[in-house]
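I have placed the structure first, in the form of structure tokens, so that the comments after it can refer back to it.
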Amino acid sequence: MDIATIIGLVLGCIVIVGTIILGGAPQMFFDAPSIVVVIIGAISATFTAFPLANILGLPKVVMKTIFAKPTSVDAILSQLVNFAEVARRDGILALENHVEDIKDPLLIQGIQMAVDGTDPELIEAIMEADLENMIGRHETSKAILDGFGKYAPAFGMIGTLIGLVTMLGDMSDPSGIGAGMAVALLTTLYGAIVANVVFCPLADKLALRSNEEILAKTIVIKGVISIQSGDNPRVVEQKLKTFLPPSARGSGEDELAQAA
Amino acid sequence: MDIATIIGLVLGCIVIVGTIILGGAPQMFFDAPSIVVVIIGAISATFTAFPLANILGLPKVVMKTIFAKPTSVDAILSQLVNFAEVARRDGILALENHVEDIKDPLLIQGIQMAVDGTDPELIEAIMEADLENMIGRHETSKAILDGFGKYAPAFGMIGTLIGLVTMLGDMSDPSGIGAGMAVALLTTLYGAIVANVVFCPLADKLALRSNEEILAKTIVIKGVISIQSGDNPRVVEQKLKTFLPPSARGSGEDELAQAA
Amino acid sequence: MDIATIIGLVLGCIVIVGTIILGGAPQMFFDAPSIVVVIIGAISATFTAFPLANILGLPKVVMKTIFAKPTSVDAILSQLVNFAEVARRDGILALENHVEDIKDPLLIQGIQMAVDGTDPELIEAIMEADLENMIGRHETSKAILDGFGKYAPAFGMIGTLIGLVTMLGDMSDPSGIGAGMAVALLTTLYGAIVANVVFCPLADKLALRSNEEILAKTIVIKGVISIQSGDNPRVVEQKLKTFLPPSARGSGEDELAQAA
Amino acid sequence: MDIATIIGLVLGCIVIVGTIILGGAPQMFFDAPSIVVVIIGAISATFTAFPLANILGLPKVVMKTIFAKPTSVDAILSQLVNFAEVARRDGILALENHVEDIKDPLLIQGIQMAVDGTDPELIEAIMEADLENMIGRHETSKAILDGFGKYAPAFGMIGTLIGLVTMLGDMSDPSGIGAGMAVALLTTLYGAIVANVVFCPLADKLALRSNEEILAKTIVIKGVISIQSGDNPRVVEQKLKTFLPPSARGSGEDELAQAA
Amino acid sequence: MDIATIIGLVLGCIVIVGTIILGGAPQMFFDAPSIVVVIIGAISATFTAFPLANILGLPKVVMKTIFAKPTSVDAILSQLVNFAEVARRDGILALENHVEDIKDPLLIQGIQMAVDGTDPELIEAIMEADLENMIGRHETSKAILDGFGKYAPAFGMIGTLIGLVTMLGDMSDPSGIGAGMAVALLTTLYGAIVANVVFCPLADKLALRSNEEILAKTIVIKGVISIQSGDNPRVVEQKLKTFLPPSARGSGEDELAQAA
């Protein structure tokens, strides 16, 4: 679970709500039609702009971005090294018995293909295609979040313009001008809050989480290819460790040097 | 038919019209000259900026973006595998009888050239040129939609400035100031609506639909080349399936492994 | 002559002038000093930003963008195929007699060098350098038009700020405030009109026209190289036709297939 | 210590505070709740947008950007040339005794691997991976600073909108309108100051410092590889000096020419 | 001397000053504290954002951009062809006597290295590194000018906000409101003038001048390498002329063809 995202979202709401309450007139800041203009307006633009499947899949992607455990690259790496040892010792077919221990679907697929004796180039092409596909899905999800972050303020401005025109059209009661303008400004406020508290930051976070998953999947692909080509488990480890940050590589340097 | 686009456009209009009606003075929001400034102004800038042929072709492209059935990549793939089997069994010339079953013009052209014994490199060059050409057309169409999304708000601002100058020039009747300003703001409102409800989201959708068509046409080109080079139908299928998302590849993995 | 550009520019002016006249006070919208601030201001920034030679050459480039006949790629292609036939039949030296029929200076230069027996790599390098040069010139011209489209509104804003400060400094006569502000807004209006009716759209059109010329010149270069290397006229035609859109290739497909 | 950064930050604060004091009412410019909205709001968006580890590491990165001594590329170069001489004279194992003199962790790691006889390609891969990693960390740090520079003004606008709505909702006391609006504008002012005095410029500086470190680390990597491959110390020097600016290369040209 | 830059800067100042004088109250437009906020504010942000050395070197770069004679590519080319003839006739060592005639430091360095018999690859690497270095310096200079063009308006806005808050806090004397607001707007005006008359256009000009210098230095590098490899002077000329625009190549085409 990504605690930072939740802290950020909660803190953002507290700051906004707190400021409104401190202002002394919180009841002025809730206006159902204004909320509808901004939220439904942004949703309508998003429907026009993106494919239905991607929009419907967005909540799942967002939930995963917020709540999913970060992929443990270390665990993947040690599993791959472990598999390399099994393949070295008992032959690649012996990996079939370990497939059920794997959780990562891409690794299952890769090991299965390696066990089945699929051509290495084809394995790499298929696994790379899966990776490309995931990248494409994440990019569309990020584009939808960015779209919300762009269209919510736009519909906020549209709502404010509608409110201003209505207000300006009837200035018979000067005492109502202030209140009318306050209501007109609410949609701009909602749009700015929705964009800057939720959607724009979430889009950034999604992009960074996507990079982590790309790294993990790249390690899986390189690992499966290395295992299938019968590499020494030490060599597999060396090759894959170059993808890790120095801190995560830990005391592995000595082992690397000894193995080489 | 892309139901999301239609839902989005209808929902956007309902939200805007609903908000205006709720405001209690819908008659204030219709002003023919203001509509003319924004729409004809944006059209004039688009004419200056883009070639006539592309502008005249835009409605067709937009209609296709909204209403066209998404290309079935699966159907294309199975037809190509089917053709590969025919070519393997009866020779490539036997494909001539199947040309009339094909709907995709690029596939017709490719199979026709393969049957005629055209040089493979030339086939690929010609088909790639067609693909490049389609990409260019789509990019220009997207640029025109983006142009509308940029120039409509710009002419909205020009209209508002003209309205403000007119209003400020005659402030003898203070009671008319509010109404004058309301009318002046209408063009800005129209520009924002036209851009954010229709053109900017449509430009995004067009780009995504274009990517789907590029994928389909890439599969056709790779397929024709693979068929002409006499590839085993299984190999053709394997090669082309790497272009599909994992979900679409379904249970094909087993077949792939067996064939390899 | 690019009729769309002229329609766009005329339509844009009609819309703006029509809206101003409909407002009922057209005399308010003409203010010589305001025009000077925006136009001369934008020109001054352009002089500071770009080389003198490119600025002085801009009117010619713009006139060419608006009035020049679109390059007929078909005509170039058939001329090149024709030359390939002559070179095949009578030897490359026979082309010398046809040089005077050519209008395109790049083609004259290329054929001349081929007739003189210049080294093919040098021919290609020189012709490519000419193409690069034209691309550079067009890019600078587009940058100047974009510069006008950016600096005209900037000087419009500067003019409005100067007007506002002047007006705010002397509010002894409240009845003059409206008029003062109207005049102040004029420069912003002029800047927006100049940018959105003329310069920004023209910059887009220039970029698209440049792409057409690049295509035509690329065909000429490939054609001259192909002719010099003694290619069969059919092969020359095939190679060059891959640069054309499918519609322009017409019934050529059959010929291509027969020749291959 | 980067004196320019400190001069810039101090000068920026002096200018802002001086202008406020000159205005004659400095007490008006301090409003705790407004500061909270902008600062905590920007922090909340940053938490939502970036990983916790990177945010917590930001102060250290910023301190390093401001106070760290610039890396002396000259010192690194002469140390590498020195090591090359030792390796030439006494064999590469002799470098082990010099490892403790090294301060740069990347150089320690590289020399250690070279001494241990690690495969050159693996050394390069591991060192390049470290470099990539540092680049990634710096890019995320810059993105966080840019994020502050974007979200601080956004929450400034949100604060101003909340203040305006509150003020407009209660206009019973016209004399309070001015003061209410002044307070409302404070968050926009804070957002602009925070972004333009601190975060946007710091993000630029961080990017430039990162480029310097990349250069230094690239020289280290090339140097270690060159030393391990047994290059003549003169050749090592020549190769590495091409990374230096001409001024820093000093009178080295003569030596270069003599050695070649 | 680049006359266009000076015309642009002078014309820009005349337009601004003229408009202010025409407004009838020029004394209102000079306010020392406002000038300080914008200029010193922008300088402070620039110090925070860029290295001290580059900022201190900026005036020299700007002077060179405005006043330096454009590099004569023709002169460089004929000097290189001349050197190629000397090297051909009297051997490369004979060039040593001509080094003192050279003004371009890069050419001096290159010829010196060629005379000293430095390895051609090393010569190219060192000269390319010098070129890269110059490009880097110019890019940083352009970034600083762009920074001024961005931070001057930002501090203009900060100054205006400070002025507005001060004014709104004391509305006891309504007659002072106009004057207070006029002064508040001055910083925004200064920021817009500084950015649009001076820094943004100068940044563009610097980029274009940099491109010219890159072209000249590229010709020098190619020329030195070509001379060292003992190329025929005609071939040197041919190779280098492909870098020139067609107009500058003049009647050279005939010579080229004869030599080939």
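Scheme for the structure tokens: letters A, B, ... for chains in order shown; per-chain residue numbers from 1; ligand numbers from 1 in order shown.
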Quick one: which chain C residues come within 8 Å of chain E, and what is the nearest atom pair for each with the distance in Å to one decimal, counting only C-alpha atoms, rows ordered by chain and ascending number, as CSV?
```
residue,atom,partner,partner_atom,distance
C:Pro33,CA,E:Thr19,CA,7.1
C:Val36,CA,E:Val15,CA,7.7
C:Val37,CA,E:Val15,CA,6.0
C:Ile40,CA,E:Val15,CA,7.0
C:Gly41,CA,E:Gly12,CA,5.7
C:Ile43,CA,E:Gly8,CA,7.4
C:Ser44,CA,E:Gly8,CA,4.1
C:Ala45,CA,E:Val197,CA,5.7
C:Thr46,CA,E:Pro201,CA,6.9
C:Phe47,CA,E:Gly8,CA,4.6
C:Thr48,CA,E:Thr5,CA,4.0
C:Ala49,CA,E:Pro201,CA,4.1
C:Phe50,CA,E:Lys205,CA,5.5
C:Pro51,CA,E:Ala4,CA,6.5
C:Leu52,CA,E:Ala4,CA,5.3
C:Met113,CA,E:Ala257,CA,6.3
C:Asp116,CA,E:Ala257,CA,5.9
C:Gly117,CA,E:Ala257,CA,7.1
C:Thr118,CA,E:Ala257,CA,5.3
C:Asp119,CA,E:Ala260,CA,6.2
C:Leu122,CA,E:Gln238,CA,7.9
C:Ala125,CA,E:Thr242,CA,6.5
C:Ile126,CA,E:Thr242,CA,5.2
C:Ala129,CA,E:Thr242,CA,5.7
C:Asp130,CA,E:Pro246,CA,6.3
C:Asn133,CA,E:Pro245,CA,6.0
C:Tyr151,CA,E:Asn196,CA,6.9
C:Ala154,CA,E:Asn196,CA,6.9
C:Phe155,CA,E:Asn196,CA,7.7
C:Ile158,CA,E:Leu189,CA,6.2
C:Gly159,CA,E:Thr19,CA,7.7
C:Leu161,CA,E:Leu189,CA,6.1
C:Ile162,CA,E:Ile20,CA,6.6
C:Gly163,CA,E:Gly23,CA,7.3
C:Leu164,CA,E:Ala182,CA,7.2
C:Val165,CA,E:Ala182,CA,4.6
C:Thr166,CA,E:Gly23,CA,6.3
C:Leu168,CA,E:Gly178,CA,4.7
C:Gly169,CA,E:Ala179,CA,5.0
C:Asp170,CA,E:Gly178,CA,7.7
C:Met171,CA,E:Gly178,CA,6.7
```
Contact residues around Val86 (chain D) with only C-alpha atoms at 9 Å, ignoring same-chain residues under 6 positions, as a CSV table (one decimal) with all heavy atoms, in the first residue's frame:
```csv
chain,number,residue,atom,x,y,z
D,92,ILE,N,47.8,-4.4,-12.3
D,92,ILE,CA,46.5,-3.9,-11.8
D,92,ILE,C,46.2,-4.2,-10.4
D,92,ILE,O,45.5,-3.4,-9.6
D,92,ILE,CB,45.4,-4.3,-12.7
D,92,ILE,CG1,44.2,-3.4,-12.6
D,92,ILE,CG2,45.0,-5.8,-12.4
D,92,ILE,CD1,43.3,-3.5,-13.8
D,94,ALA,N,48.2,-3.9,-8.0
D,94,ALA,CA,48.8,-2.9,-7.1
D,94,ALA,C,47.8,-1.8,-6.7
D,94,ALA,O,48.0,-1.0,-5.8
D,94,ALA,CB,50.0,-2.3,-7.8
D,95,LEU,N,46.7,-1.7,-7.5
D,95,LEU,CA,45.8,-0.6,-7.2
D,95,LEU,C,45.0,-0.8,-5.9
D,95,LEU,O,44.5,0.1,-5.3
D,95,LEU,CB,44.7,-0.5,-8.4
D,95,LEU,CG,45.3,0.2,-9.6
D,95,LEU,CD1,44.2,0.1,-10.7
D,95,LEU,CD2,45.7,1.6,-9.4
```
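The coordinates place CA of Gln79 (chain A) at 26.5 Å from CA of Gln109 (chain D).
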TODO: Mind giving me the straight-line distance from CA of Leu131 (chain A) to CA of Leu215 (chain B) in Å, one decimal?
DONE: 16.0 Å
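One finds CA of Ile55 (chain C) at 26.5 Å from CA of Leu77 (chain E).
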